[in-house]
$ cat final_21.csv   # CSV, C-alpha atoms
chain,number,residue,atom,x,y,z
A,251,MET,CA,-41.9,116.5,-60.6
A,252,GLY,CA,-38.9,117.4,-62.7
A,253,SER,CA,-38.8,118.7,-66.2
A,254,VAL,CA,-42.4,117.8,-67.2
A,255,GLU,CA,-45.3,119.5,-65.5
A,256,LEU,CA,-48.0,116.9,-64.5
A,257,GLY,CA,-50.2,119.3,-62.6
A,258,GLY,CA,-53.6,119.6,-64.1
A,259,LEU,CA,-53.3,116.4,-66.1
A,260,ASP,CA,-55.5,113.3,-65.8
A,261,ALA,CA,-53.7,111.1,-68.3
A,262,VAL,CA,-50.5,110.3,-70.0
A,263,THR,CA,-50.4,108.5,-73.3
A,264,LEU,CA,-47.1,106.8,-74.5
A,265,ASP,CA,-45.6,105.6,-77.7
A,266,ALA,CA,-44.3,102.0,-77.5
A,267,PHE,CA,-41.2,101.5,-79.6
A,268,GLY,CA,-38.4,103.8,-78.5
A,269,THR,CA,-40.4,105.1,-75.5
A,270,LEU,CA,-41.5,102.0,-73.6
A,271,VAL,CA,-39.7,99.1,-75.3
A,272,GLU,CA,-36.7,98.4,-77.5
A,273,LEU,CA,-35.6,95.6,-79.8
A,274,GLU,CA,-32.6,93.7,-78.6
A,275,ASP,CA,-30.1,93.6,-81.5
A,276,PRO,CA,-31.4,90.6,-83.5
A,277,VAL,CA,-28.4,90.3,-86.0
A,278,SER,CA,-26.6,87.5,-84.1
A,279,ARG,CA,-29.8,85.6,-83.6
A,280,LEU,CA,-30.6,85.9,-87.3
A,281,GLN,CA,-27.1,84.8,-88.3
A,282,ALA,CA,-27.4,81.7,-86.1
A,283,ARG,CA,-31.0,80.8,-87.1
A,284,PHE,CA,-30.5,81.3,-90.9
A,285,GLY,CA,-26.8,80.5,-91.3
A,286,ILE,CA,-26.0,83.9,-92.8
A,287,ASP,CA,-23.3,86.5,-92.1
A,288,ALA,CA,-23.9,89.7,-90.3
A,289,GLY,CA,-24.1,91.8,-93.4
A,290,ALA,CA,-26.8,89.6,-94.9
A,291,ALA,CA,-28.7,89.6,-91.7
A,292,GLN,CA,-28.7,93.4,-91.5
A,293,ARG,CA,-29.8,93.8,-95.1
A,294,GLY,CA,-32.6,91.4,-94.5
A,295,LEU,CA,-33.6,93.1,-91.3
A,296,ASP,CA,-33.6,96.6,-92.9
A,297,ALA,CA,-35.7,95.4,-95.8
A,298,GLU,CA,-38.2,93.7,-93.4
A,299,MET,CA,-38.5,96.8,-91.1
A,300,ALA,CA,-39.2,99.1,-94.1
A,301,TYR,CA,-41.9,96.6,-95.4
A,302,TYR,CA,-43.4,96.3,-91.9
A,303,ARG,CA,-43.7,100.1,-91.4
A,304,ASP,CA,-45.6,100.4,-94.7
A,305,HIS,CA,-47.9,97.4,-94.0
A,306,VAL,CA,-48.4,97.5,-90.2
A,307,LEU,CA,-52.1,98.2,-90.6
A,308,GLU,CA,-52.5,94.7,-92.1
A,309,GLY,CA,-51.9,93.1,-88.7
A,310,SER,CA,-55.2,93.9,-87.1
A,311,ASN,CA,-56.2,90.4,-85.7
A,312,SER,CA,-54.6,87.0,-85.3
A,313,ALA,CA,-55.3,85.8,-88.8
A,314,SER,CA,-54.2,89.0,-90.6
A,315,LEU,CA,-51.1,89.1,-88.3
A,316,ALA,CA,-50.1,85.7,-89.4
A,317,GLY,CA,-50.3,86.7,-93.0
A,318,LEU,CA,-48.3,89.9,-92.3
A,319,ARG,CA,-45.6,87.9,-90.6
A,320,GLU,CA,-45.4,85.5,-93.5
A,321,ARG,CA,-44.9,88.4,-95.9
A,322,CYS,CA,-42.3,90.1,-93.6
A,323,ALA,CA,-40.4,86.9,-93.3
A,324,ALA,CA,-40.4,86.5,-97.1
A,325,VAL,CA,-39.0,90.1,-97.5
A,326,PHE,CA,-36.3,89.3,-95.0
A,327,ALA,CA,-35.4,86.1,-96.7
A,328,GLU,CA,-35.2,87.6,-100.2
A,329,ALA,CA,-32.9,90.5,-99.0
A,330,ALA,CA,-30.8,88.2,-96.9
A,331,GLY,CA,-30.4,85.3,-99.3
A,332,ALA,CA,-32.1,83.0,-96.8
A,333,THR,CA,-35.0,80.6,-96.6
A,334,ALA,CA,-38.3,82.1,-95.6
A,335,ASP,CA,-39.4,81.0,-92.2
A,336,ALA,CA,-41.9,83.2,-90.4
A,337,HIS,CA,-41.7,81.4,-87.0
A,338,GLY,CA,-37.9,81.4,-87.1
A,339,PHE,CA,-37.7,85.1,-88.0
A,340,GLN,CA,-40.1,86.1,-85.3
A,341,SER,CA,-38.2,84.1,-82.7
A,342,CYS,CA,-35.2,86.3,-83.3
A,343,LEU,CA,-37.1,89.5,-82.5
A,344,VAL,CA,-37.0,90.0,-78.7
A,345,PHE,CA,-38.5,93.2,-77.2
A,346,THR,CA,-37.5,94.4,-73.7
A,347,ALA,CA,-38.5,97.3,-71.6
A,348,LEU,CA,-36.3,100.3,-71.8
A,349,PRO,CA,-34.2,101.2,-68.7
A,350,GLY,CA,-36.3,102.9,-66.0
A,351,VAL,CA,-39.7,102.4,-67.7
A,352,VAL,CA,-41.2,100.1,-65.0
A,353,ASP,CA,-40.3,102.6,-62.3
A,354,ALA,CA,-41.4,105.6,-64.3
A,355,LEU,CA,-44.9,104.0,-65.0
A,356,ARG,CA,-45.2,103.3,-61.3
A,357,ARG,CA,-44.4,106.9,-60.5
A,358,LEU,CA,-46.9,108.2,-63.0
A,359,ARG,CA,-49.6,105.9,-61.5
A,360,ALA,CA,-48.8,107.2,-58.1
A,361,GLN,CA,-49.7,110.6,-59.3
A,362,GLY,CA,-53.2,109.3,-60.1
A,363,LEU,CA,-52.7,109.5,-63.8
A,364,ALA,CA,-54.5,107.1,-66.3
A,365,LEU,CA,-52.0,105.6,-68.7
A,366,ALA,CA,-52.5,104.5,-72.3
A,367,VAL,CA,-50.3,103.4,-75.2
A,368,VAL,CA,-50.8,104.9,-78.6
A,369,SER,CA,-48.5,103.1,-81.1
A,370,ASN,CA,-48.0,102.4,-84.8
A,371,TRP,CA,-47.9,98.6,-84.2
A,372,ASP,CA,-49.8,95.5,-85.0
A,373,VAL,CA,-52.2,93.7,-82.7
A,374,SER,CA,-49.3,91.7,-81.1
A,375,LEU,CA,-48.3,94.8,-79.0
A,376,HIS,CA,-50.8,93.6,-76.4
A,377,GLU,CA,-48.9,90.3,-76.0
A,378,HIS,CA,-45.5,92.1,-75.7
A,379,LEU,CA,-46.8,94.4,-73.0
A,380,ARG,CA,-48.3,91.5,-71.1
A,381,ARG,CA,-45.1,89.5,-71.3
A,382,LEU,CA,-43.1,92.5,-70.0
A,383,ALA,CA,-45.7,93.1,-67.2
A,384,LEU,CA,-46.4,96.6,-68.4
A,385,ARG,CA,-50.0,97.4,-67.5
A,386,PHE,CA,-52.1,100.2,-69.1
A,387,ASP,CA,-55.7,101.4,-68.9
A,388,ALA,CA,-55.9,101.4,-72.7
A,389,VAL,CA,-53.8,100.2,-75.6
A,390,VAL,CA,-54.5,101.5,-79.1
A,391,THR,CA,-52.5,100.1,-82.0
A,392,SER,CA,-52.6,101.6,-85.5
A,393,ALA,CA,-53.5,98.2,-86.9
A,394,GLU,CA,-56.6,97.9,-84.8
A,395,ALA,CA,-57.6,101.5,-85.3
A,396,GLY,CA,-57.1,101.4,-89.0
A,397,ILE,CA,-55.1,104.7,-88.8
A,398,ARG,CA,-51.6,105.6,-87.8
A,399,LYS,CA,-49.7,108.5,-86.4
A,400,PRO,CA,-49.3,111.3,-87.5
A,401,ASP,CA,-53.1,111.0,-88.0
A,402,PRO,CA,-54.4,112.6,-84.7
A,403,ARG,CA,-57.6,110.6,-84.7
A,404,ILE,CA,-55.7,107.7,-83.1
A,405,PHE,CA,-55.4,109.8,-79.9
A,406,ALA,CA,-59.1,110.4,-79.9
A,407,LEU,CA,-59.7,106.7,-79.7
A,408,ALA,CA,-57.4,106.3,-76.7
A,409,LEU,CA,-58.8,109.4,-74.9
A,410,GLU,CA,-62.4,108.1,-75.5
A,411,ARG,CA,-61.5,104.9,-73.7
A,412,LEU,CA,-60.0,106.9,-70.8
A,413,ARG,CA,-62.9,109.3,-70.9
A,414,ILE,CA,-60.5,112.2,-70.6
A,415,PRO,CA,-60.4,115.4,-72.8
A,416,PRO,CA,-57.2,116.0,-74.8
A,417,GLU,CA,-56.3,119.2,-72.9
A,418,ARG,CA,-55.9,117.1,-69.8
A,419,ALA,CA,-53.5,114.6,-71.3
A,420,LEU,CA,-49.8,114.5,-72.2
A,421,HIS,CA,-48.3,112.3,-74.8
A,422,ILE,CA,-44.7,111.0,-74.5
A,423,GLY,CA,-42.9,109.8,-77.6
A,424,ASP,CA,-39.5,109.6,-79.2
A,425,ASP,CA,-39.9,111.3,-82.6
A,426,GLU,CA,-41.5,114.2,-84.6
A,427,ILE,CA,-44.3,112.0,-85.7
A,428,ASP,CA,-45.4,111.6,-82.1
A,429,GLU,CA,-45.1,115.3,-81.5
A,430,GLN,CA,-47.0,116.3,-84.6
A,431,ALA,CA,-49.8,113.9,-84.0
A,432,ALA,CA,-50.2,114.7,-80.3
A,433,GLU,CA,-50.3,118.4,-80.8
A,434,ALA,CA,-52.8,118.1,-83.7
A,435,ALA,CA,-55.0,116.1,-81.4
A,436,GLY,CA,-54.8,118.8,-78.7
A,437,LEU,CA,-52.5,117.0,-76.2
A,438,GLY,CA,-49.3,118.3,-74.7
A,439,PHE,CA,-46.1,116.6,-75.7
A,440,ALA,CA,-42.8,115.6,-74.2
A,441,TYR,CA,-39.9,113.7,-75.6
A,442,ALA,CA,-38.7,110.4,-74.1
A,443,PRO,CA,-36.7,109.0,-72.3
A,444,LEU,CA,-39.3,108.6,-69.7
A,445,MET,CA,-37.1,108.6,-66.6
A,446,GLU,CA,-35.4,111.9,-67.5
A,447,LEU,CA,-38.8,113.6,-67.5
A,448,LEU,CA,-39.5,112.5,-63.9
A,449,THR,CA,-36.2,113.4,-62.2
$ encode --input "final_21.csv" --output "structure tokens"
Amino acid sequence: MGSVELGGLDAVTLDAFGTLVELEDPVSRLQARFGIDAGAAQRGLDAEMAYYRDHVLEGSNSASLAGLRERCAAVFAEAAGATADAHGFQSCLVFTALPGVVDALRRLRAQGLALAVVSNWDVSLHEHLRRLALRFDAVVTSAEAGIRKPDPRIFALALERLRIPPERALHIGDDEIDEQAAEAAGLGFAYAPLMELLT
């Protein structure tokens, strides 16, 4: 089936951001919502994203996620010269499925493969996947696991839920952190984009 060999596999695990979903450019939404120019919106967004990456493990349930979002909004506001508004900031972040992902997942399922997401994300990933109608047999976020890639133990959690050994699984991701973590966990690895692997 194209450039990735699926024979002998029982499962495919996938990264989320950059592999399954992308963030629609939020700059124009942030400008309109907060009454700031594009430069300020981008500065705020860059600061917020850096803060989020460092603190993602703090969003492990609904209560802690609310607190994390408040802090992220405050970081954005300070860097952008805007008023902090967690709900307003979140409303500007719209995630969509990457081109070809829905069809690629259907084709993987047609091969009889179990599918799981392993992602450095907070607990809200479940909600995003449901909204996009992306269905998986297991979803493991770093916030819920308390560990993040490149720690290979996060893959052990996903494979335990699937009841599949690592040597019978392939991870698909979009960066070296995914590759390093998957290989350390004993999985095969392939780089996204998904559709290019199945043609």
$ closest_residue --input "final_21.csv" --among "A:Val277, A:Leu264, A:Leu256, A:Cys322" --to "Pro443 of chain A" --atoms "only C-alpha atoms"
A:Leu264
$ closest_atom_pairs --input "final_21.csv" --of "segment 254-344 of chain A" --to "segment 402-425 of chain A" --cutoff "8 Å" --atoms "all atoms listed in the file" --output "tab-separated table"
residue	atom	partner	partner_atom	distance
A:Gly258	CA	A:Arg418	CA	6.6
A:Leu259	CA	A:Arg418	CA	4.6
A:Asp260	CA	A:Arg418	CA	5.5
A:Ala261	CA	A:Ala419	CA	4.6
A:Val262	CA	A:Leu420	CA	4.8
A:Thr263	CA	A:His421	CA	4.6
A:Leu264	CA	A:Ile422	CA	4.8
A:Asp265	CA	A:Gly423	CA	5.0
A:Ala266	CA	A:Gly423	CA	7.9
A:Gly268	CA	A:Asp424	CA	5.9
A:Thr269	CA	A:Gly423	CA	5.7
$ atom_distance --input "final_21.csv" --atom1 "atom CA of Pro276 of chain A" --atom2 "atom CA of Val352 of chain A"
23.0 Å
$ atom_distance --input "final_21.csv" --atom1 "atom CA of Ala393 of chain A" --atom2 "atom CA of Val368 of chain A"
11.0 Å
$ atom_distance --input "final_21.csv" --atom1 "atom CA of Val271 of chain A" --atom2 "atom CA of Thr346 of chain A"
5.4 Å
$ closest_residue --input "final_21.csv" --among "A:Val344, A:Glu433, A:Gly331, A:Met299" --to "Arg381 of chain A" --atoms "all atoms listed in the file"
A:Val344
$ closest_residue --input "final_21.csv" --among "A:Asp287, A:Glu446, A:Ala316, A:Lys399" --to "Ala432 of chain A" --atoms "all atoms listed in the file"
A:Lys399
$ residues_near_point --input "final_21.csv" --point "(-54.4, 104.7, -73.1)" --cutoff "6 Å" --atoms "all atoms listed in the file" --output "tab-separated table (two decimals) with C-alpha atoms, in the frame of the given file"
chain	number	residue	atom	x	y	z
A	263	THR	CA	-50.40	108.50	-73.30
A	365	LEU	CA	-52.00	105.60	-68.70
A	366	ALA	CA	-52.50	104.50	-72.30
A	367	VAL	CA	-50.30	103.40	-75.20
A	387	ASP	CA	-55.70	101.40	-68.90
A	388	ALA	CA	-55.90	101.40	-72.70
A	389	VAL	CA	-53.80	100.20	-75.60
A	408	ALA	CA	-57.40	106.30	-76.70
$ closest_residue --input "final_21.csv" --among "A:Phe386, A:Phe267, A:Phe326, A:Trp371" --to "Leu348 of chain A" --atoms "all atoms listed in the file"
A:Phe267
$ build_atoms --input "final_21.csv" --residues "segment 272-300 of chain A" --atoms "N, CA and C atoms" --output "mmCIF file, in the frame of the given file"
data_model
loop_
_atom_site.group_PDB
_atom_site.id
_atom_site.type_symbol
_atom_site.label_atom_id
_atom_site.label_comp_id
_atom_site.auth_asym_id
_atom_site.auth_seq_id
_atom_site.Cartn_x
_atom_site.Cartn_y
_atom_site.Cartn_z
ATOM 1 N N GLU A 272 -37.690 98.431 -76.459
ATOM 2 C CA GLU A 272 -36.700 98.400 -77.500
ATOM 3 C C GLU A 272 -36.514 97.018 -78.026
ATOM 4 N N LEU A 273 -35.940 96.903 -79.204
ATOM 5 C CA LEU A 273 -35.600 95.600 -79.800
ATOM 6 C C LEU A 273 -34.200 95.253 -79.523
ATOM 7 N N GLU A 274 -33.990 94.129 -78.826
ATOM 8 C CA GLU A 274 -32.600 93.700 -78.600
ATOM 9 C C GLU A 274 -32.030 93.402 -80.029
ATOM 10 N N ASP A 275 -30.768 93.748 -80.213
ATOM 11 C CA ASP A 275 -30.100 93.600 -81.500
ATOM 12 C C ASP A 275 -30.305 92.146 -81.999
ATOM 13 N N PRO A 276 -31.080 91.944 -83.085
ATOM 14 C CA PRO A 276 -31.400 90.600 -83.500
ATOM 15 C C PRO A 276 -30.353 89.987 -84.500
ATOM 16 N N VAL A 277 -29.317 90.735 -84.873
ATOM 17 C CA VAL A 277 -28.400 90.300 -86.000
ATOM 18 C C VAL A 277 -27.780 88.953 -85.636
ATOM 19 N N SER A 278 -27.235 88.806 -84.428
ATOM 20 C CA SER A 278 -26.600 87.500 -84.100
ATOM 21 C C SER A 278 -27.546 86.382 -84.077
ATOM 22 N N ARG A 279 -28.754 86.624 -83.591
ATOM 23 C CA ARG A 279 -29.800 85.600 -83.600
ATOM 24 C C ARG A 279 -30.142 85.176 -85.033
ATOM 25 N N LEU A 280 -30.295 86.185 -85.897
ATOM 26 C CA LEU A 280 -30.600 85.900 -87.300
ATOM 27 C C LEU A 280 -29.504 85.146 -87.992
ATOM 28 N N GLN A 281 -28.268 85.511 -87.690
ATOM 29 C CA GLN A 281 -27.100 84.800 -88.300
ATOM 30 C C GLN A 281 -27.190 83.308 -87.891
ATOM 31 N N ALA A 282 -27.396 83.047 -86.602
ATOM 32 C CA ALA A 282 -27.400 81.700 -86.100
ATOM 33 C C ALA A 282 -28.608 80.895 -86.675
ATOM 34 N N ARG A 283 -29.755 81.530 -86.686
ATOM 35 C CA ARG A 283 -31.000 80.800 -87.100
ATOM 36 C C ARG A 283 -30.971 80.526 -88.593
ATOM 37 N N PHE A 284 -30.452 81.447 -89.409
ATOM 38 C CA PHE A 284 -30.500 81.300 -90.900
ATOM 39 C C PHE A 284 -29.216 80.940 -91.523
ATOM 40 N N GLY A 285 -28.138 80.853 -90.747
ATOM 41 C CA GLY A 285 -26.800 80.500 -91.300
ATOM 42 C C GLY A 285 -26.303 81.488 -92.294
ATOM 43 N N ILE A 286 -26.414 82.772 -91.948
ATOM 44 C CA ILE A 286 -26.000 83.900 -92.800
ATOM 45 C C ILE A 286 -24.984 84.739 -92.079
ATOM 46 N N ASP A 287 -24.272 85.591 -92.819
ATOM 47 C CA ASP A 287 -23.300 86.500 -92.100
ATOM 48 C C ASP A 287 -24.037 87.736 -91.653
ATOM 49 N N ALA A 288 -23.321 88.542 -90.898
ATOM 50 C CA ALA A 288 -23.900 89.700 -90.300
ATOM 51 C C ALA A 288 -24.437 90.709 -91.303
ATOM 52 N N GLY A 289 -23.701 90.880 -92.387
ATOM 53 C CA GLY A 289 -24.100 91.800 -93.400
ATOM 54 C C GLY A 289 -25.448 91.407 -94.050
ATOM 55 N N ALA A 290 -25.581 90.119 -94.343
ATOM 56 C CA ALA A 290 -26.800 89.600 -94.900
ATOM 57 C C ALA A 290 -27.970 89.753 -93.941
ATOM 58 N N ALA A 291 -27.703 89.456 -92.677
ATOM 59 C CA ALA A 291 -28.700 89.600 -91.700
ATOM 60 C C ALA A 291 -29.221 91.019 -91.545
ATOM 61 N N GLN A 292 -28.304 91.965 -91.573
ATOM 62 C CA GLN A 292 -28.700 93.400 -91.500
ATOM 63 C C GLN A 292 -29.442 93.847 -92.686
ATOM 64 N N ARG A 293 -29.028 93.415 -93.867
ATOM 65 C CA ARG A 293 -29.800 93.800 -95.100
ATOM 66 C C ARG A 293 -31.192 93.268 -95.046
ATOM 67 N N GLY A 294 -31.314 92.024 -94.630
ATOM 68 C CA GLY A 294 -32.600 91.400 -94.500
ATOM 69 C C GLY A 294 -33.512 92.154 -93.519
ATOM 70 N N LEU A 295 -32.905 92.461 -92.376
ATOM 71 C CA LEU A 295 -33.600 93.100 -91.300
ATOM 72 C C LEU A 295 -34.087 94.535 -91.759
ATOM 73 N N ASP A 296 -33.202 95.270 -92.415
ATOM 74 C CA ASP A 296 -33.600 96.600 -92.900
ATOM 75 C C ASP A 296 -34.720 96.553 -93.881
ATOM 76 N N ALA A 297 -34.673 95.579 -94.777
ATOM 77 C CA ALA A 297 -35.700 95.400 -95.800
ATOM 78 C C ALA A 297 -37.061 95.070 -95.079
ATOM 79 N N GLU A 298 -36.981 94.146 -94.121
ATOM 80 C CA GLU A 298 -38.200 93.700 -93.400
ATOM 81 C C GLU A 298 -38.796 94.877 -92.622
ATOM 82 N N MET A 299 -37.968 95.654 -91.941
ATOM 83 C CA MET A 299 -38.500 96.800 -91.100
ATOM 84 C C MET A 299 -39.156 97.812 -92.008
ATOM 85 N N ALA A 300 -38.587 98.085 -93.165
ATOM 86 C CA ALA A 300 -39.200 99.100 -94.100
ATOM 87 C C ALA A 300 -40.551 98.530 -94.572
#
